[in-house]
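Next up, query05.txt (compact mmCIF, C-alpha atoms):
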# COMPACT_ATOMS: atom_id res chain seq x y z
CA MET I 1 -9.22 -27.97 -52.47
CA GLY I 2 -5.51 -27.45 -51.73
CA GLY I 3 -3.13 -24.50 -51.66
CA ASN I 4 -3.27 -21.17 -49.81
CA PRO I 5 -2.23 -17.60 -50.59
CA SER I 6 1.03 -17.69 -48.63
CA LYS I 7 1.01 -13.95 -48.01
CA ALA I 8 -2.46 -13.84 -46.49
CA GLU I 9 -2.59 -11.72 -43.34
CA PRO I 10 -4.37 -13.02 -40.23
CA THR I 11 -7.93 -11.85 -39.93
CA SER I 12 -9.92 -11.05 -36.83
CA LYS I 13 -12.19 -13.76 -35.47
CA GLY I 14 -15.39 -14.13 -37.49
CA ARG I 15 -14.15 -11.90 -40.32
CA GLU I 16 -13.84 -13.27 -43.85
CA PRO I 17 -10.49 -12.66 -45.58
CA ASP I 18 -10.46 -10.41 -48.62
CA PHE I 19 -9.04 -12.66 -51.34
CA THR I 20 -9.28 -9.89 -53.93
CA ARG I 21 -6.05 -8.42 -52.46
CA PHE I 22 -3.98 -11.39 -53.55
CA LYS I 23 -2.80 -11.44 -57.13
CA ALA I 24 -3.34 -14.73 -58.89
CA ARG I 25 -3.51 -16.27 -62.32
CA VAL I 26 -4.18 -19.78 -63.58
CA ASP I 27 -1.21 -21.34 -65.34
CA HIS I 28 -2.61 -24.79 -65.87
CA VAL I 29 -6.00 -26.56 -65.88
CA LYS I 30 -6.39 -30.33 -65.77
CA ILE I 31 -9.69 -32.06 -66.50
CA GLY I 32 -9.38 -35.75 -65.67
CA GLY I 33 -11.38 -38.90 -65.17
CA LEU I 34 -12.60 -39.09 -68.78
CA CYS I 35 -12.16 -41.96 -71.21
CA ARG I 36 -14.89 -41.65 -73.83
CA THR I 37 -15.14 -37.85 -73.98
CA ARG I 38 -13.38 -35.87 -76.69
CA ASP I 39 -11.04 -33.06 -75.62
CA ASP I 40 -12.83 -30.30 -77.53
CA TYR I 41 -16.06 -31.02 -75.65
CA VAL I 42 -14.58 -29.97 -72.29
CA GLN I 43 -11.94 -27.41 -73.26
CA ARG I 44 -14.37 -24.54 -73.75
CA ALA I 45 -15.77 -24.97 -70.23
CA ALA I 46 -12.48 -23.82 -68.68
CA ARG I 47 -11.86 -20.78 -70.88
CA HIS I 48 -12.79 -18.10 -68.29
CA LEU I 49 -10.40 -19.49 -65.68
CA PHE I 50 -7.44 -18.00 -67.52
CA ASN I 51 -8.92 -14.50 -67.20
CA ALA I 52 -8.75 -14.52 -63.37
CA ARG I 53 -6.55 -11.74 -61.92
CA ASN I 54 -6.87 -12.40 -58.17
CA PHE I 55 -7.49 -15.37 -55.90
CA GLN I 56 -11.15 -14.46 -55.38
CA GLU I 57 -11.75 -14.64 -59.13
CA VAL I 58 -9.94 -17.97 -59.27
CA ILE I 59 -12.34 -19.41 -56.67
CA ILE I 60 -15.42 -18.01 -58.39
CA GLU I 61 -14.42 -19.13 -61.88
CA THR I 62 -13.46 -22.58 -60.60
CA ALA I 63 -16.96 -23.04 -59.20
CA ASN I 64 -18.41 -21.83 -62.53
CA VAL I 65 -16.30 -24.33 -64.46
CA LYS I 66 -17.46 -27.15 -62.17
CA ASP I 67 -21.09 -26.25 -62.91
CA GLU I 68 -20.32 -26.06 -66.62
CA LEU I 69 -18.65 -29.49 -66.65
CA LEU I 70 -21.55 -31.09 -64.79
CA ARG I 71 -23.95 -29.48 -67.26
CA LEU I 72 -22.17 -31.28 -70.12
CA GLY I 73 -23.73 -34.57 -68.99
CA ILE I 74 -20.52 -36.60 -68.82
CA TYR I 75 -19.71 -36.72 -65.09
CA LYS I 76 -21.64 -38.29 -62.22
CA ASN I 77 -19.47 -36.48 -59.64
CA LEU I 78 -16.62 -34.00 -59.69
CA ARG I 79 -13.86 -32.94 -57.31
CA ILE I 80 -11.70 -29.80 -57.39
CA LYS I 81 -8.10 -29.18 -56.33
CA ILE I 82 -6.41 -25.76 -56.41
CA ASP I 83 -2.66 -25.64 -55.77
CA THR I 84 0.26 -23.33 -56.43
CA SER I 85 1.80 -23.75 -59.84
CA LYS I 86 5.09 -25.68 -60.01
CA GLY I 87 7.65 -26.35 -62.70
CA LYS I 88 9.59 -24.30 -65.20
CA GLU I 89 6.49 -22.64 -66.63
CA ALA I 90 5.16 -21.54 -63.24
CA THR I 91 4.63 -17.78 -62.84
CA GLU I 92 5.04 -15.69 -59.68
CA TYR I 93 1.33 -15.73 -58.76
CA GLY I 94 0.42 -18.85 -60.70
CA TYR I 95 -1.98 -21.60 -59.68
CA SER I 96 -2.91 -25.01 -61.05
CA VAL I 97 -6.55 -26.12 -61.03
CA ALA I 98 -7.50 -29.78 -61.39
CA PHE I 99 -10.95 -31.29 -61.92
CA GLU I 100 -11.24 -35.02 -61.25
CA GLY I 101 -14.40 -37.08 -61.40
CA ASP I 102 -16.06 -40.29 -62.45
CA GLU I 103 -17.44 -40.54 -65.95
CA LEU I 104 -21.03 -41.69 -66.36
CA SER I 105 -21.49 -45.38 -67.11
CA ARG I 106 -22.26 -46.44 -70.65
CA ILE I 107 -25.79 -47.37 -69.56
CA THR I 108 -27.70 -45.78 -66.72
CA GLY I 109 -31.26 -46.28 -65.56
CA SER I 110 -33.83 -44.79 -63.24
CA VAL I 111 -37.25 -45.55 -61.83
CA GLY I 112 -39.37 -42.77 -60.40
CA VAL I 113 -42.53 -40.73 -60.36
CA GLU I 114 -43.37 -37.96 -62.80
CA VAL I 115 -45.91 -35.23 -62.06
CA GLY I 116 -48.15 -33.85 -64.82
CA GLN I 117 -51.21 -31.62 -64.92
CA ASN I 118 -53.55 -33.33 -62.46
CA ASP I 119 -51.75 -36.54 -63.23
CA GLY I 120 -49.01 -38.70 -61.77
CA ALA I 121 -47.10 -41.44 -63.54
CA ALA I 122 -44.62 -44.17 -62.72
CA THR I 123 -41.64 -43.85 -65.07
CA THR I 124 -38.79 -46.09 -66.12
CA GLU I 125 -35.85 -44.81 -68.17
CA LEU I 126 -32.73 -46.31 -69.72
CA VAL I 127 -30.04 -43.91 -70.95
CA THR I 128 -26.80 -44.36 -72.86
CA PRO I 129 -24.99 -41.05 -72.18
CA ASN I 130 -22.15 -39.50 -74.12
CA ILE I 131 -22.37 -42.01 -76.96
CA PHE I 132 -19.92 -40.37 -79.39
CA GLY I 133 -17.89 -38.34 -76.89
CA ARG I 134 -19.63 -34.96 -77.22
CA GLY I 135 -22.62 -35.32 -74.91
CA GLU I 136 -24.90 -37.26 -77.27
CA LYS I 137 -27.55 -39.27 -75.45
CA LEU I 138 -29.99 -42.04 -76.40
CA SER I 139 -32.82 -42.61 -73.94
CA LEU I 140 -35.76 -45.01 -73.78
CA ASN I 141 -38.57 -43.84 -71.50
CA TYR I 142 -41.80 -45.55 -70.50
CA SER I 143 -44.42 -44.14 -68.15
CA HIS I 144 -47.83 -45.33 -67.03
CA SER I 145 -50.48 -43.43 -65.11
CA TYR I 146 -54.12 -43.58 -64.16
CA VAL I 147 -54.97 -40.70 -66.53
CA ARG I 148 -52.66 -41.20 -69.51
CA ASN I 149 -52.53 -44.91 -70.09
CA SER I 150 -48.98 -45.11 -71.39
CA VAL I 151 -46.19 -43.13 -73.00
CA LEU I 152 -43.22 -44.72 -74.79
CA ASN I 153 -40.41 -42.50 -76.13
CA LEU I 154 -37.12 -43.28 -77.83
CA ARG I 155 -35.08 -40.08 -78.01
CA PHE I 156 -31.66 -39.13 -79.36
CA THR I 157 -30.26 -35.80 -78.15
CA LYS I 158 -27.29 -33.86 -79.46
CA PRO I 159 -26.06 -30.78 -77.51
CA TYR I 160 -23.71 -28.13 -78.89
CA LEU I 161 -22.37 -26.73 -75.63
CA HIS I 162 -18.76 -27.01 -76.82
CA THR I 163 -19.24 -24.75 -79.85
CA SER I 164 -18.91 -20.97 -80.16
CA VAL I 165 -22.66 -20.63 -79.46
CA GLY I 166 -22.55 -22.88 -76.40
CA ASP I 167 -23.63 -20.06 -74.08
CA TYR I 168 -27.08 -20.25 -75.70
CA ASP I 169 -27.60 -23.94 -74.79
CA PRO I 170 -28.34 -25.14 -78.35
CA GLU I 171 -29.62 -28.69 -78.62
CA THR I 172 -31.24 -30.85 -81.25
CA SER I 173 -33.19 -34.05 -80.72
CA ILE I 174 -35.27 -36.60 -82.56
CA THR I 175 -37.95 -38.58 -80.74
CA LEU I 176 -39.97 -41.60 -81.78
CA PHE I 177 -43.08 -41.79 -79.64
CA LYS I 178 -46.18 -43.83 -79.01
CA ASN I 179 -48.72 -42.86 -76.38
CA SER I 180 -52.31 -43.43 -75.43
CA SER I 181 -54.33 -40.77 -73.65
CA PRO I 182 -58.01 -41.07 -72.63
CA SER I 183 -60.28 -38.03 -72.36
CA GLN I 184 -62.91 -39.17 -69.91
CA TRP I 185 -64.80 -35.88 -70.07
CA SER I 186 -65.67 -36.45 -73.76
CA LYS I 187 -65.55 -40.26 -73.79
CA TYR I 188 -62.82 -40.72 -76.39
CA ARG I 189 -59.26 -41.98 -76.41
CA THR I 190 -56.36 -40.73 -78.52
CA GLU I 191 -53.43 -42.86 -79.66
CA ASP I 192 -50.42 -41.04 -81.12
CA THR I 193 -47.56 -42.62 -83.03
CA GLY I 194 -44.94 -40.57 -84.78
CA MET I 195 -41.71 -38.60 -84.84
CA LEU I 196 -40.74 -35.28 -83.25
CA LEU I 197 -37.81 -33.11 -84.35
CA ASP I 198 -36.76 -30.41 -81.89
CA PHE I 199 -34.26 -27.56 -81.88
CA SER I 200 -34.02 -25.57 -78.66
CA PHE I 201 -31.87 -22.68 -77.49
CA SER I 202 -31.94 -20.04 -74.79
CA LEU I 203 -31.10 -16.37 -74.35
CA PRO I 204 -29.62 -16.34 -70.81
CA ALA I 205 -29.30 -12.55 -70.63
CA LEU I 206 -33.07 -12.26 -71.17
CA SER I 207 -34.04 -15.42 -69.18
CA PHE I 208 -35.79 -16.59 -72.35
CA SER I 209 -35.86 -20.11 -73.83
CA ASN I 210 -37.07 -21.20 -77.25
CA SER I 211 -38.05 -24.48 -78.86
CA LEU I 212 -38.79 -25.06 -82.55
CA GLN I 213 -40.46 -28.39 -83.26
CA TYR I 214 -41.79 -30.40 -86.14
CA GLU I 215 -44.04 -33.38 -85.46
CA LEU I 216 -45.27 -35.93 -87.96
CA GLY I 217 -47.44 -38.83 -86.95
CA ILE I 218 -50.71 -40.70 -86.90
CA LYS I 219 -53.37 -39.58 -84.43
CA GLU I 220 -56.21 -42.04 -84.04
CA LEU I 221 -59.35 -41.41 -81.99
CA PHE I 222 -61.43 -44.20 -80.45
CA ALA I 223 -64.78 -44.22 -78.69
CA MET I 224 -64.30 -45.20 -75.05
CA ASP I 225 -67.59 -47.05 -74.62
CA LYS I 226 -71.11 -47.45 -75.98
CA GLN I 227 -72.19 -44.17 -74.39
CA THR I 228 -69.83 -42.11 -76.55
CA PRO I 229 -72.07 -39.63 -78.47
CA PHE I 230 -72.26 -39.68 -82.25
CA PHE I 231 -70.72 -36.18 -82.65
CA VAL I 232 -67.59 -37.54 -80.95
CA ARG I 233 -67.58 -40.75 -82.97
CA GLU I 234 -67.53 -38.64 -86.16
CA HIS I 235 -63.88 -37.89 -85.40
CA ASN I 236 -62.91 -41.55 -84.92
CA GLY I 237 -60.26 -43.15 -87.07
CA PRO I 238 -56.62 -42.51 -87.99
CA ARG I 239 -55.45 -39.12 -89.21
CA LEU I 240 -52.06 -38.08 -90.57
CA VAL I 241 -51.03 -34.91 -88.74
CA SER I 242 -48.15 -32.59 -89.56
CA THR I 243 -47.43 -29.94 -86.91
CA PHE I 244 -45.00 -27.04 -86.80
CA ARG I 245 -44.70 -25.78 -83.23
CA TYR I 246 -42.95 -22.91 -81.45
CA ILE I 247 -42.66 -22.70 -77.66
CA GLY I 248 -41.25 -19.57 -76.04
CA GLN I 249 -40.80 -19.07 -72.31
CA PHE I 250 -39.64 -16.18 -70.12
CA GLU I 251 -38.70 -17.11 -66.55
CA GLY I 252 -38.21 -14.19 -64.18
CA ARG I 253 -39.58 -15.64 -60.93
CA ASP I 254 -37.55 -16.25 -57.81
CA ASP I 255 -39.07 -19.74 -57.45
CA ASN I 256 -40.95 -22.12 -59.75
CA VAL I 257 -43.40 -23.47 -57.17
CA PHE I 258 -44.02 -20.72 -54.61
CA PRO I 259 -42.77 -17.49 -56.21
CA SER I 260 -43.00 -14.27 -54.25
CA THR I 261 -41.66 -11.91 -56.90
CA GLY I 262 -41.09 -11.84 -60.65
CA ALA I 263 -42.93 -12.65 -63.86
CA PHE I 264 -43.42 -15.73 -66.03
CA VAL I 265 -44.71 -16.00 -69.60
CA LYS I 266 -45.06 -19.12 -71.75
CA GLY I 267 -46.57 -19.20 -75.22
CA THR I 268 -47.19 -22.02 -77.68
CA MET I 269 -48.14 -21.66 -81.33
CA GLU I 270 -48.97 -24.60 -83.58
CA LEU I 271 -49.58 -24.83 -87.33
CA ILE I 272 -51.41 -28.10 -87.92
CA GLY I 273 -52.23 -29.82 -91.19
CA SER I 274 -52.94 -33.24 -92.66
CA ARG I 275 -50.04 -33.03 -95.13
CA LEU I 276 -46.45 -31.79 -95.02
CA SER I 277 -47.27 -28.66 -97.03
CA GLN I 278 -50.64 -27.96 -95.43
CA THR I 279 -51.25 -25.97 -92.25
CA GLY I 280 -55.00 -25.65 -92.05
CA ILE I 281 -55.33 -25.18 -88.26
CA VAL I 282 -53.65 -22.49 -86.16
CA ARG I 283 -53.67 -23.15 -82.42
CA GLN I 284 -52.29 -20.68 -79.86
CA ASP I 285 -52.04 -20.86 -76.10
CA VAL I 286 -50.40 -18.42 -73.67
CA HIS I 287 -49.93 -18.41 -69.91
CA ALA I 288 -48.69 -15.39 -67.91
CA GLU I 289 -48.02 -14.77 -64.25
CA LEU I 290 -46.98 -11.76 -62.12
CA ASN I 291 -45.92 -11.96 -58.47
CA VAL I 292 -45.59 -8.98 -56.11
CA PRO I 293 -44.19 -9.30 -52.55
CA LEU I 294 -46.01 -7.56 -49.70
CA PHE I 295 -44.96 -7.90 -46.05
CA LEU I 296 -44.56 -10.66 -43.42
CA GLY I 297 -44.04 -13.22 -46.19
CA LEU I 298 -47.29 -12.34 -47.99
CA SER I 299 -47.40 -11.98 -51.77
CA VAL I 300 -49.99 -11.26 -54.44
CA GLN I 301 -50.13 -13.35 -57.61
CA LEU I 302 -52.03 -12.48 -60.79
CA CYS I 303 -52.29 -15.20 -63.46
CA GLY I 304 -53.85 -15.31 -66.89
CA ARG I 305 -54.27 -17.91 -69.61
CA ALA I 306 -55.89 -17.77 -73.04
CA GLY I 307 -56.24 -20.08 -76.03
CA LEU I 308 -57.49 -19.77 -79.59
CA THR I 309 -57.95 -22.23 -82.45
CA MET I 310 -58.55 -20.91 -85.98
CA TYR I 311 -59.29 -22.81 -89.19
CA ASP I 312 -61.03 -22.53 -92.54
CA ARG I 313 -64.37 -24.28 -92.19
CA LYS I 314 -64.59 -24.78 -95.97
CA LYS I 315 -61.29 -26.64 -96.25
CA GLU I 316 -60.65 -28.20 -92.85
CA THR I 317 -62.45 -30.28 -90.25
CA LEU I 318 -61.55 -29.47 -86.66
CA PRO I 319 -60.96 -32.67 -84.63
CA ILE I 320 -62.32 -32.64 -81.11
CA ASN I 321 -58.85 -33.23 -79.66
CA GLN I 322 -57.74 -29.81 -80.99
CA LEU I 323 -60.32 -27.97 -78.88
CA PHE I 324 -59.87 -26.50 -75.40
CA PHE I 325 -61.53 -27.90 -72.29
CA PRO I 326 -61.31 -25.31 -69.48
CA GLY I 327 -62.22 -26.19 -65.93
CA GLY I 328 -60.45 -27.97 -63.12
CA PRO I 329 -57.90 -27.19 -60.40
CA GLN I 330 -55.31 -25.90 -62.92
CA THR I 331 -57.63 -23.49 -64.74
CA LEU I 332 -60.92 -22.71 -63.00
CA ARG I 333 -61.13 -24.08 -59.47
CA GLY I 334 -64.62 -24.97 -58.31
CA PHE I 335 -65.32 -26.76 -61.63
CA GLU I 336 -64.58 -30.31 -62.66
CA ILE I 337 -61.94 -30.97 -65.31
CA ALA I 338 -63.49 -29.73 -68.58
CA GLY I 339 -66.51 -28.70 -66.52
CA ALA I 340 -66.50 -25.03 -67.59
CA CYS I 341 -67.13 -25.48 -71.32
CA PRO I 342 -70.21 -26.24 -73.46
CA ARG I 343 -71.70 -29.72 -73.16
CA ARG I 344 -73.51 -31.82 -75.71
CA ASP I 345 -75.24 -35.17 -75.31
CA GLY I 346 -73.99 -35.42 -71.75
CA VAL I 347 -70.26 -34.89 -72.44
CA ALA I 348 -67.90 -31.91 -72.76
CA ALA I 349 -67.99 -30.56 -76.32
CA GLY I 350 -64.96 -28.27 -75.96
CA CYS I 351 -64.48 -24.74 -77.27
CA GLN I 352 -62.37 -22.98 -79.89
CA SER I 353 -61.27 -20.20 -77.56
CA TYR I 354 -61.17 -19.41 -73.86
CA TRP I 355 -59.62 -17.09 -71.32
CA ALA I 356 -59.21 -17.41 -67.57
CA THR I 357 -57.55 -15.46 -64.77
CA GLY I 358 -56.59 -16.07 -61.18
CA LEU I 359 -55.91 -13.71 -58.29
CA HIS I 360 -54.16 -15.11 -55.20
CA LEU I 361 -53.00 -13.90 -51.82
CA TRP I 362 -50.23 -16.27 -50.69
CA ALA I 363 -49.03 -16.56 -47.10
CA PRO I 364 -46.66 -18.81 -45.15
CA LEU I 365 -48.09 -21.60 -43.04
CA PRO I 366 -49.15 -20.12 -39.66
CA PHE I 367 -46.45 -20.67 -37.02
CA ASN I 368 -44.21 -22.19 -39.70
CA GLN I 369 -41.13 -21.16 -37.70
CA TYR I 370 -41.96 -23.93 -35.25
CA PHE I 371 -41.89 -26.58 -37.99
CA GLY I 372 -38.33 -25.89 -39.13
CA GLY I 373 -37.59 -26.44 -42.81
CA PHE I 374 -40.66 -28.67 -43.16
CA GLY I 375 -42.92 -25.66 -42.79
CA ASN I 376 -41.38 -24.06 -45.88
CA LEU I 377 -42.89 -26.83 -48.01
CA PHE I 378 -46.38 -25.43 -47.37
CA ARG I 379 -48.17 -22.23 -48.35
CA THR I 380 -51.73 -21.07 -47.81
CA HIS I 381 -53.73 -18.95 -50.21
CA ALA I 382 -57.04 -17.25 -50.85
CA PHE I 383 -58.03 -17.19 -54.53
CA TYR I 384 -60.51 -15.87 -57.03
CA ASN I 385 -60.83 -17.43 -60.52
CA LEU I 386 -62.68 -15.91 -63.45
CA GLY I 387 -63.02 -16.97 -67.10
CA THR I 388 -65.20 -18.01 -69.99
CA CYS I 389 -65.03 -19.78 -73.35
CA ASP I 390 -65.89 -19.24 -77.03
CA THR I 391 -65.64 -15.48 -76.52
CA PHE I 392 -63.10 -12.92 -75.36
CA THR I 393 -65.80 -10.71 -73.86
CA THR I 394 -67.38 -10.88 -70.41
CA ASP I 395 -70.37 -12.89 -71.62
CA LYS I 396 -71.20 -16.17 -69.85
CA LEU I 397 -68.60 -15.69 -67.14
CA ARG I 398 -67.63 -18.50 -64.84
CA SER I 399 -66.09 -17.60 -61.48
CA SER I 400 -65.21 -19.14 -58.15
CA ALA I 401 -63.45 -18.24 -54.91
CA GLY I 402 -61.99 -20.10 -51.97
CA VAL I 403 -59.08 -20.83 -49.69
CA GLY I 404 -56.59 -23.65 -49.61
CA ILE I 405 -53.21 -25.05 -48.72
CA ALA I 406 -50.46 -26.09 -51.14
CA PHE I 407 -47.57 -28.52 -50.69
CA ARG I 408 -44.31 -28.37 -52.67
CA MET I 409 -43.23 -31.44 -54.64
CA GLY I 410 -39.63 -31.06 -55.76
CA GLN I 411 -38.59 -27.99 -57.72
CA LYS I 412 -41.49 -27.72 -60.19
CA ALA I 413 -44.76 -29.21 -58.98
CA ARG I 414 -47.17 -28.77 -56.11
CA ILE I 415 -50.30 -30.31 -54.61
CA GLU I 416 -53.30 -28.17 -53.69
CA PHE I 417 -56.19 -28.88 -51.28
CA ASN I 418 -58.76 -26.14 -51.76
CA TYR I 419 -62.21 -25.32 -50.46
CA CYS I 420 -64.06 -23.89 -53.48
CA GLN I 421 -67.27 -21.97 -53.90
CA PRO I 422 -68.52 -21.45 -57.48
CA LEU I 423 -69.98 -17.96 -57.82
CA SER I 424 -71.21 -17.81 -61.41
CA TYR I 425 -71.70 -20.57 -63.96
CA GLU I 426 -73.77 -21.68 -66.93
CA ALA I 427 -76.42 -24.35 -67.17
CA GLY I 428 -74.78 -27.73 -67.70
CA ASP I 429 -71.45 -26.81 -66.07
CA ARG I 430 -70.02 -29.44 -63.76
CA LEU I 431 -69.32 -27.84 -60.37
CA VAL I 432 -67.23 -28.76 -57.34
CA LYS I 433 -68.71 -27.16 -54.25
CA GLY I 434 -66.39 -27.88 -51.37
CA PHE I 435 -62.98 -29.52 -51.31
CA GLN I 436 -61.01 -30.03 -54.52
CA PHE I 437 -57.66 -31.72 -55.04
CA GLY I 438 -55.14 -30.66 -57.69
CA ILE I 439 -51.60 -31.64 -58.67
CA GLY I 440 -49.43 -30.10 -61.38
CA TYR I 441 -46.89 -27.45 -62.30
CA GLU I 442 -48.93 -24.67 -63.97
CA PHE I 443 -51.88 -23.28 -62.06
CA LEU I 444 -54.10 -20.23 -62.47
What does the file become when written as structure tokens?
Amino acid sequence: MGGNPSKAEPTSKGREPDFTRFKARVDHVKIGGLCRTRDDYVQRAARHLFNARNFQEVIIETANVKDELLRLGIYKNLRIKIDTSKGKEATEYGYSVAFEGDELSRITGSVGVEVGQNDGAATTELVTPNIFGRGEKLSLNYSHSYVRNSVLNLRFTKPYLHTSVGDYDPETSITLFKNSSPSQWSKYRTEDTGMLLDFSFSLPALSFSNSLQYELGIKELFAMDKQTPFFVREHNGPRLVSTFRYIGQFEGRDDNVFPSTGAFVKGTMELIGSRLSQTGIVRQDVHAELNVPLFLGLSVQLCGRAGLTMYDRKKETLPINQLFFPGGPQTLRGFEIAGACPRRDGVAAGCQSYWATGLHLWAPLPFNQYFGGFGNLFRTHAFYNLGTCDTFTTDKLRSSAGVGIAFRMGQKARIEFNYCQPLSYEAGDRLVKGFQFGIGYEFL
């Protein structure tokens, strides 16, 4: 970053200069280092720079433009230079701002680990970014895990960040997918092959994001072994499924993994049918969370989750993979995965509705100040979970309590080691009395 306000007065030692006192305006902006990108895709990112009226605003808006350019998905790095404006068109308080960087390669790749709900997967991805010069991207992704056998996606994404509605992050995508996912708790396996159309946008002022999706594909269920009960085998075979889906999310927390204040709400609604014009099944799921700070780094967290599946019994058959299977470290601790729902013939039979809550008291790791930044990756908590299924009353309640320690993984996921004590349960429930391990990004 070059150039200085030449009339800046010396400041006392340790005191920051007040750059708002120095008049400034941006005469010229240069965005360089691009070969494949069209001009109109980057021009809008710099529009607010020309509204700066002092040097402080120039600095702030320059940083905002850098973030905006990186968000376009065309640069792998970016450098900034601010200098006084020169030439015949230079004004008295004019400055020139230049952005220089290296454009992303035509093909990029990555190998890594992806965290899911009580699941981890090795992933490989090939991406061709900025195909037509306006941020378009074609990606091929393959992942394999010990829970979900395999996922293969071919996705084309088209952003509209350069348009007049770019502030709302509009984006469309089309995905061709094929995945296989076993459900050990009910002894069946699902294989999905199909197409997903997605249109997403956000409302930044409200911290709210939206996604409208349409999915069309073949879902085929298989018996996992000879012990698979007959009521599960009844659902075997291929099935054409047409799904309209809406996902809405409000994010008001100060942190995704260990929030101490703020609220979070995520809701999903699906209209599912066996033909394009038929929506015989309505499936809804909502997750909410409220965090309240206390003192000495303590915070209280209240979580809730509920799901409901509705259908016309006379016209539609409800496949077992459309049911809910509560239980496990993400829903009701102290129970096995799918261990807090009705069972039949020795396996989880699922439920059409459920609700569950969680109350936590979170605290920093004791003496974490002696561990430096490493101590901030850990939190301890005491918890109480409560919920039930196939009713929204307090009948047949399941509950558990315990204490545990959690470890942050990146910016979204965490690992939990908890000591659990089931307090109330139904006959046939699968319990975990003692230590339980969980990994994921949405916990109750």
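The space separating atom CA of I:Phe132 from atom CA of I:Val111 comes to 25.2 Å.
For the pair atom CA of I:Ala306 and atom CA of I:Asn179, the interatomic distance is 26.3 Å.
In this model, the gap between atom CA of I:Cys35 and atom CA of I:Thr124 comes to 27.4 Å.
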Please list as a ChimeraX atom specification every residue within 9 Å of I:Pro259, counting all atoms listed in the file and excluding residues in the same chain fewer than 6 positions away.
/I:253,291-292,299,301
Of I:Ala338, I:Val97, I:Ala348, I:Leu216, the one sitting nearest I:Thr228 when using all atoms listed in the file is I:Ala348
Notebook entry, point to check: From the set I:Ile337, I:Leu154, I:Leu444, I:Ala205, which residue has the shortest atom-to-atom contact distance to I:Val432, counting all atoms listed in the file?
Noted result: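 Answer, going by the shortest atom-to-atom distance: I:Ile337.
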### Message
Report as a VMD selection string all protein, DNA and RNA residues lying within 12 Å of I:Gly135, evaluated on all atoms listed in the file, omitting residues in the same chain fewer than 2 positions from it.
### Response
chain I and resid 36 to 42 69 to 75 103 to 104 106 128 to 133 137 to 138 156 to 162 171 to 172
**Request:** List every protein, DNA or RNA residue with an atom no more than 10 Å from (-41.2, -31.4, -84.1) in the file's coordinates, counting all atoms listed in the file, and format the result as a PyMOL selection string.
**Result:** chain I and resi 173-175+194-199+211-216+242-246
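Point (-48.5, -23.0, -87.4) has the following residues at most 10 Å away: Ser242, Thr243, Phe244, Arg245, Tyr246, Thr268, Met269, Glu270, Leu271, Ile272, Gly273, Gln278, Thr279, Gly280, Ile281, Val282, Arg283 and Gln284 of chain I (atoms considered: all atoms listed in the file).
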- Item | Who sits within 9 Å of I:Asn64, all atoms listed in the file, same chain under 6 positions skipped, as a count of residues only | 4
### Task
Tell me, as a PyMOL selection string, which residues lie within 7 Å of I:Leu140, counting only C-alpha atoms; anything in the same chain fewer than 3 positions away does not count.
chain I and resi 125-127+153-155
So that each row is one residue of stretch 207-320 of chain I with an atom at most 7 Å from stretch 354-360 of chain I, can you give its shortest atom pair and the distance in Å to one decimal, using only C-alpha atoms, rows by chain and rising number, as CSV?
residue,atom,partner,partner_atom,distance
I:Val300,CA,I:His360,CA,5.7
I:Gln301,CA,I:His360,CA,5.0
I:Leu302,CA,I:Leu359,CA,4.8
I:Cys303,CA,I:Gly358,CA,4.9
I:Gly304,CA,I:Thr357,CA,4.3
I:Arg305,CA,I:Ala356,CA,5.4
I:Ala306,CA,I:Trp355,CA,4.2
I:Gly307,CA,I:Tyr354,CA,5.4
I:Leu308,CA,I:Tyr354,CA,6.8
Output C-alpha atoms for every residue in that selection, as an mmCIF file, in the coordinates of the input.
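Output (selection_26.cif):
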data_model
loop_
_atom_site.group_PDB
_atom_site.id
_atom_site.type_symbol
_atom_site.label_atom_id
_atom_site.label_comp_id
_atom_site.auth_asym_id
_atom_site.auth_seq_id
_atom_site.Cartn_x
_atom_site.Cartn_y
_atom_site.Cartn_z
ATOM 1 C CA VAL I 300 -49.990 -11.260 -54.440
ATOM 2 C CA GLN I 301 -50.130 -13.350 -57.610
ATOM 3 C CA LEU I 302 -52.030 -12.480 -60.790
ATOM 4 C CA CYS I 303 -52.290 -15.200 -63.460
ATOM 5 C CA GLY I 304 -53.850 -15.310 -66.890
ATOM 6 C CA ARG I 305 -54.270 -17.910 -69.610
ATOM 7 C CA ALA I 306 -55.890 -17.770 -73.040
ATOM 8 C CA GLY I 307 -56.240 -20.080 -76.030
ATOM 9 C CA LEU I 308 -57.490 -19.770 -79.590
#
